[in-house]
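For reference, the structure is listed below as structure tokens.
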Amino acid sequence: MDPRRARDPRLARQDPRLQQRSQSGTPSGPPPQGPPYQGYQYQQQPPQAPQLQASTSQGYPPPEAQGAASLPHDSTSLQSHEQSHPPSSGYKPRPLFCVVCASNQNRSMEGHYVLAKAGFRVCSSGTGSAVRLPGPAIDKPNIFPFGTPYNDIYEQLQSQDARLYTANGLLQMLDRNRRLKLAPERWQETKTVADIVITCEERCFDAVCDDLLTRGGEFNKPVHIINIEIRDNHEEAHIAGKAMVDLATAIENAKDIDEEINDILKAHQEKHPHSILHAVAYY
């Protein structure tokens with residue numbers, strides 16, 4: 001560098017190379033005295049936690065929660081938040097009812113019909129070895145295997161003697177049944193796991209209990225078996241259907257069916273004339 005330019009400050013200020021050096025950050029003298037460079041502090045976000053703690057300690061209300069992620073930070077606010085927002089109760093599934101008679105034709109299907117119409121979850125089955133329906137004589141019943149569609153039974157009986165089976169109500173009953181499901185089901189062959197089983201006579205009650213015992217209870221799921229004694233005719237089945245709706249309503253409204261079942265059955269027995277049996281088994 002020219003020594004004259006170094007000695008003469010006017011020449012040094014006019015030299016563009018020296019101006020470029022000063023702008024590029026090359027130290028040309030002692031560090032300047034004064035406040036530090038403010039550019040970095042302008043970009044940095046101020047910490048939020050100390051401000052929130054200070055405002056809470058001075059008695060000012062904390063900022064309101066925004067969205068699900070914002071929660072109170074102190075214990076007093078957390079307690080008030082829990083009181084104003086209690087935890088929601090767990091979901092209570094609706095029970096599945098299964099109505100059982102001997103042939104899955106009259107009594108169990110009447111119960112199936114009225115419970116489904118009332119909005120309950122319901123299925124039905126029979127415990128007999130085959131489906132038996134009245135025939136032209138008392139010693140000549142119509143016998144069908146379980147799984148035969150209701151529509152096939154309807155058409156066969158209609159072709160045999162439409163007048164007879166209309167008079168005794170079989171065709172009307174089968175017409176109702178085929179609108180509810182495809183075919184009669186046998187209890188011992190079904191895999192449906194019900195919460196409440198309603199049987200329609202004592203021998204069906206015994207058959208259901210014996211079958212569940214032979215299954216061994218591998219699922220360890222309890223099931224309440226309730227027998228309502230019903231005569232096997234259309235009039236008695238219709239009356240008992242209303243009783244089933246009352247019983248199902250009380251059971252579904254119960255908070256704890258295991259604790260309240262005895263009181264429910266006692267109240268039902270006082271209101272309806274049918275004798276009742278009750279047992280608990282396991283799937």
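We name chains A, B, ... following the order of the structure tokens; residues begin at 1 in each chain, and ligands are numbered from 1 as shown.
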
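Around region 221-224 of chain A, within 7 Å and counting only C-alpha atoms, the residues found are A:Ala194, A:Asp195, A:Ile196, A:Val197, A:Phe219, A:Ile226, A:Ala279, A:Val280, A:Ala281, A:Tyr282, A:Tyr283, once anything fewer than 2 positions away on its own chain is removed.
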
Since we have the selection now, will you write its residues out, keeping N, CA and C atoms, as a PDB file, in the first residue's frame?
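Output saved as again20.pdb:
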ATOM      1  N   ALA A 194     -75.088 -64.159  22.035  1.00  0.00           N
ATOM      2  CA  ALA A 194     -76.096 -63.208  22.508  1.00  0.00           C
ATOM      3  C   ALA A 194     -75.785 -62.769  23.934  1.00  0.00           C
ATOM      4  N   ASP A 195     -76.372 -61.653  24.323  1.00  0.00           N
ATOM      5  CA  ASP A 195     -76.245 -61.163  25.703  1.00  0.00           C
ATOM      6  C   ASP A 195     -77.398 -61.649  26.576  1.00  0.00           C
ATOM      7  N   ILE A 196     -78.590 -61.728  25.990  1.00  0.00           N
ATOM      8  CA  ILE A 196     -79.781 -62.176  26.701  1.00  0.00           C
ATOM      9  C   ILE A 196     -80.478 -63.216  25.839  1.00  0.00           C
ATOM     10  N   VAL A 197     -80.763 -64.385  26.401  1.00  0.00           N
ATOM     11  CA  VAL A 197     -81.513 -65.421  25.701  1.00  0.00           C
ATOM     12  C   VAL A 197     -82.870 -65.545  26.372  1.00  0.00           C
ATOM     13  N   PHE A 219     -65.178 -68.704  25.690  1.00  0.00           N
ATOM     14  CA  PHE A 219     -65.101 -67.246  25.570  1.00  0.00           C
ATOM     15  C   PHE A 219     -65.183 -66.541  26.918  1.00  0.00           C
ATOM     16  N   ILE A 226     -83.407 -66.388  30.253  1.00  0.00           N
ATOM     17  CA  ILE A 226     -84.684 -66.113  30.906  1.00  0.00           C
ATOM     18  C   ILE A 226     -85.771 -66.899  30.177  1.00  0.00           C
ATOM     19  N   ALA A 279     -81.329 -68.114  34.684  1.00  0.00           N
ATOM     20  CA  ALA A 279     -80.033 -68.744  34.932  1.00  0.00           C
ATOM     21  C   ALA A 279     -78.953 -67.917  34.238  1.00  0.00           C
ATOM     22  N   VAL A 280     -77.732 -68.075  34.708  1.00  0.00           N
ATOM     23  CA  VAL A 280     -76.571 -67.428  34.074  1.00  0.00           C
ATOM     24  C   VAL A 280     -75.629 -68.516  33.599  1.00  0.00           C
ATOM     25  N   ALA A 281     -75.252 -68.448  32.356  1.00  0.00           N
ATOM     26  CA  ALA A 281     -74.311 -69.402  31.773  1.00  0.00           C
ATOM     27  C   ALA A 281     -73.208 -68.626  31.068  1.00  0.00           C
ATOM     28  N   TYR A 282     -72.296 -69.348  30.433  1.00  0.00           N
ATOM     29  CA  TYR A 282     -71.146 -68.714  29.771  1.00  0.00           C
ATOM     30  C   TYR A 282     -70.943 -69.298  28.380  1.00  0.00           C
ATOM     31  N   TYR A 283     -70.617 -68.399  27.470  1.00  0.00           N
ATOM     32  CA  TYR A 283     -70.217 -68.838  26.134  1.00  0.00           C
ATOM     33  C   TYR A 283     -68.762 -69.284  26.158  1.00  0.00           C
TER      34      TYR A 283
END

>> Please extract the residues of region 81-238 of chain A with a backbone DSSP assignment of alpha helix (DSSP H) and present them as an MDAnalysis selection string.
In response: chainID A and resid 81:84 107:117 150:167 170:180 202:215 234:238

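Look at region 122-130 of chain A: the protein and nucleic acid residues within 8 Å of it, using only C-alpha atoms and passing over chain neighbours fewer than 3 places away, are A:Leu96, A:Phe97, A:Cys98, A:Val99, A:Val100, A:Cys101, A:Ala102, A:Ser103, A:Asn104, A:Ser108, A:Met109, A:His112, A:Leu115, A:Ala116, A:Ile143, A:Phe144, A:Pro145, A:Phe146, A:Pro184, A:Glu185, A:Arg186, A:Trp187, A:Gln188, A:Cys204, A:Ala207, A:Val208.
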
>> Please extract the residues of region 80-150 of chain A with a backbone DSSP assignment of strand (DSSP E or B) and present them as a PyMOL selection string.
In response: chain A and resi 96-101+121-126+131-137+140-144

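Using only C-alpha atoms, the protein and nucleic acid residues lying no more than 8 Å from Arg107 (chain A), apart from those fewer than 5 places from it along its own chain, are Val100, Cys101, Cys200, Ile230, Asp232, Asn233, His234 and Ala237 of chain A.
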
> Which polymer residues have any atom within 10 Å of an atom of Thr249 (chain A), counting only C-alpha atoms, with same-chain residues fewer than 6 positions away left out, as a ChimeraX atom specification?
Replying inline: /A:115,118,120,243

>> Applying 10 Å and only C-alpha atoms, which residues near His268 (chain A) remain after dropping the ones on its own chain fewer than 3 positions away? List them as a PyMOL selection string.
In response: chain A and resi 243-244+246-247+250+262-265+271-276

Export of the given selection (all heavy atoms) as a compact mmCIF listing (two decimals), in the first residue's frame:
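Dumped everything to again-v3.txt:
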# COMPACT_ATOMS: atom_id res chain seq x y z
N ALA A 243 -95.04 -58.75 26.36
CA ALA A 243 -94.25 -58.93 27.59
C ALA A 243 -92.76 -58.92 27.30
O ALA A 243 -91.96 -58.40 28.09
CB ALA A 243 -94.66 -60.23 28.28
N MET A 244 -92.36 -59.49 26.17
CA MET A 244 -90.93 -59.49 25.79
C MET A 244 -90.43 -58.06 25.55
O MET A 244 -89.29 -57.73 25.90
CB MET A 244 -90.71 -60.34 24.55
CG MET A 244 -90.89 -61.83 24.77
SD MET A 244 -90.49 -62.75 23.27
CE MET A 244 -91.14 -64.37 23.69
N ASP A 246 -91.54 -55.32 26.98
CA ASP A 246 -91.36 -54.69 28.30
C ASP A 246 -90.10 -55.19 28.99
O ASP A 246 -89.35 -54.41 29.59
CB ASP A 246 -92.59 -54.97 29.18
CG ASP A 246 -93.84 -54.26 28.69
OD1 ASP A 246 -93.70 -53.32 27.87
OD2 ASP A 246 -94.95 -54.65 29.10
N LEU A 247 -89.85 -56.49 28.92
CA LEU A 247 -88.66 -57.05 29.54
C LEU A 247 -87.39 -56.52 28.88
O LEU A 247 -86.43 -56.15 29.56
CB LEU A 247 -88.71 -58.58 29.47
CG LEU A 247 -87.52 -59.34 30.05
CD1 LEU A 247 -87.37 -59.04 31.53
CD2 LEU A 247 -87.67 -60.83 29.81
N ALA A 250 -86.69 -52.88 29.93
CA ALA A 250 -86.12 -52.77 31.28
C ALA A 250 -84.66 -53.21 31.30
O ALA A 250 -83.82 -52.59 31.97
CB ALA A 250 -86.95 -53.60 32.26
N ASN A 262 -82.39 -59.28 39.04
CA ASN A 262 -83.39 -59.85 39.94
C ASN A 262 -84.56 -58.90 40.16
O ASN A 262 -85.73 -59.31 40.16
CB ASN A 262 -82.74 -60.20 41.28
CG ASN A 262 -81.78 -61.38 41.17
OD1 ASN A 262 -81.96 -62.24 40.32
ND2 ASN A 262 -80.77 -61.40 42.03
N ASP A 263 -84.27 -57.61 40.32
CA ASP A 263 -85.35 -56.63 40.49
C ASP A 263 -86.16 -56.49 39.20
O ASP A 263 -87.39 -56.30 39.26
CB ASP A 263 -84.75 -55.27 40.89
CG ASP A 263 -84.09 -55.30 42.26
OD1 ASP A 263 -84.48 -56.17 43.07
OD2 ASP A 263 -83.19 -54.48 42.51
N ILE A 264 -85.49 -56.57 38.07
CA ILE A 264 -86.21 -56.46 36.79
C ILE A 264 -87.18 -57.63 36.62
O ILE A 264 -88.35 -57.45 36.24
CB ILE A 264 -85.19 -56.42 35.62
CG1 ILE A 264 -84.42 -55.10 35.65
CG2 ILE A 264 -85.90 -56.59 34.29
CD1 ILE A 264 -83.30 -55.03 34.64
N LEU A 265 -86.73 -58.84 36.93
CA LEU A 265 -87.60 -60.01 36.78
C LEU A 265 -88.74 -60.00 37.79
O LEU A 265 -89.86 -60.42 37.48
CB LEU A 265 -86.77 -61.29 36.93
CG LEU A 265 -85.69 -61.52 35.85
CD1 LEU A 265 -84.93 -62.80 36.12
CD2 LEU A 265 -86.33 -61.55 34.46
N LYS A 271 -96.20 -57.76 36.76
CA LYS A 271 -96.97 -57.10 35.71
C LYS A 271 -97.56 -58.08 34.71
O LYS A 271 -98.63 -57.83 34.15
CB LYS A 271 -96.08 -56.08 35.00
CG LYS A 271 -96.78 -55.24 33.96
CD LYS A 271 -95.84 -54.21 33.36
CE LYS A 271 -96.54 -53.37 32.30
NZ LYS A 271 -95.63 -52.37 31.68
N HIS A 272 -96.86 -59.20 34.46
CA HIS A 272 -97.28 -60.15 33.44
C HIS A 272 -97.52 -61.53 34.08
O HIS A 272 -96.85 -61.90 35.05
CB HIS A 272 -96.22 -60.26 32.35
CG HIS A 272 -95.99 -58.97 31.62
ND1 HIS A 272 -96.82 -58.50 30.62
CD2 HIS A 272 -95.02 -58.03 31.75
CE1 HIS A 272 -96.37 -57.35 30.17
NE2 HIS A 272 -95.28 -57.04 30.84
N PRO A 273 -98.45 -62.33 33.53
CA PRO A 273 -98.84 -63.59 34.17
C PRO A 273 -97.90 -64.76 33.92
O PRO A 273 -98.05 -65.81 34.57
CB PRO A 273 -100.22 -63.87 33.55
CG PRO A 273 -100.14 -63.26 32.19
CD PRO A 273 -99.29 -62.05 32.34
N HIS A 274 -96.95 -64.63 33.00
CA HIS A 274 -96.12 -65.77 32.64
C HIS A 274 -95.13 -66.12 33.75
O HIS A 274 -94.53 -65.24 34.36
CB HIS A 274 -95.35 -65.48 31.35
CG HIS A 274 -96.21 -64.95 30.25
ND1 HIS A 274 -96.39 -63.59 30.03
CD2 HIS A 274 -96.94 -65.58 29.30
CE1 HIS A 274 -97.18 -63.41 28.99
NE2 HIS A 274 -97.54 -64.60 28.54
N SER A 275 -94.96 -67.41 34.01
CA SER A 275 -93.95 -67.86 34.97
C SER A 275 -92.56 -67.68 34.36
O SER A 275 -92.38 -67.82 33.12
CB SER A 275 -94.19 -69.31 35.35
OG SER A 275 -94.11 -70.15 34.21
N ILE A 276 -91.59 -67.40 35.22
CA ILE A 276 -90.26 -67.04 34.74
C ILE A 276 -89.21 -67.91 35.41
O ILE A 276 -89.28 -68.21 36.62
CB ILE A 276 -89.96 -65.55 35.00
CG1 ILE A 276 -90.81 -64.68 34.07
CG2 ILE A 276 -88.50 -65.21 34.82
CD1 ILE A 276 -90.60 -63.20 34.27

> How many Å lie between CA of Pro95 (chain A) and CA of Ala240 (chain A), rounded to one decimal?
Replying inline: 19.9 Å

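Closest to Gln172 (chain A) among A:Asn220, A:Asn253, A:Gln105, A:Asn142 is A:Gln105, based on only C-alpha atoms.
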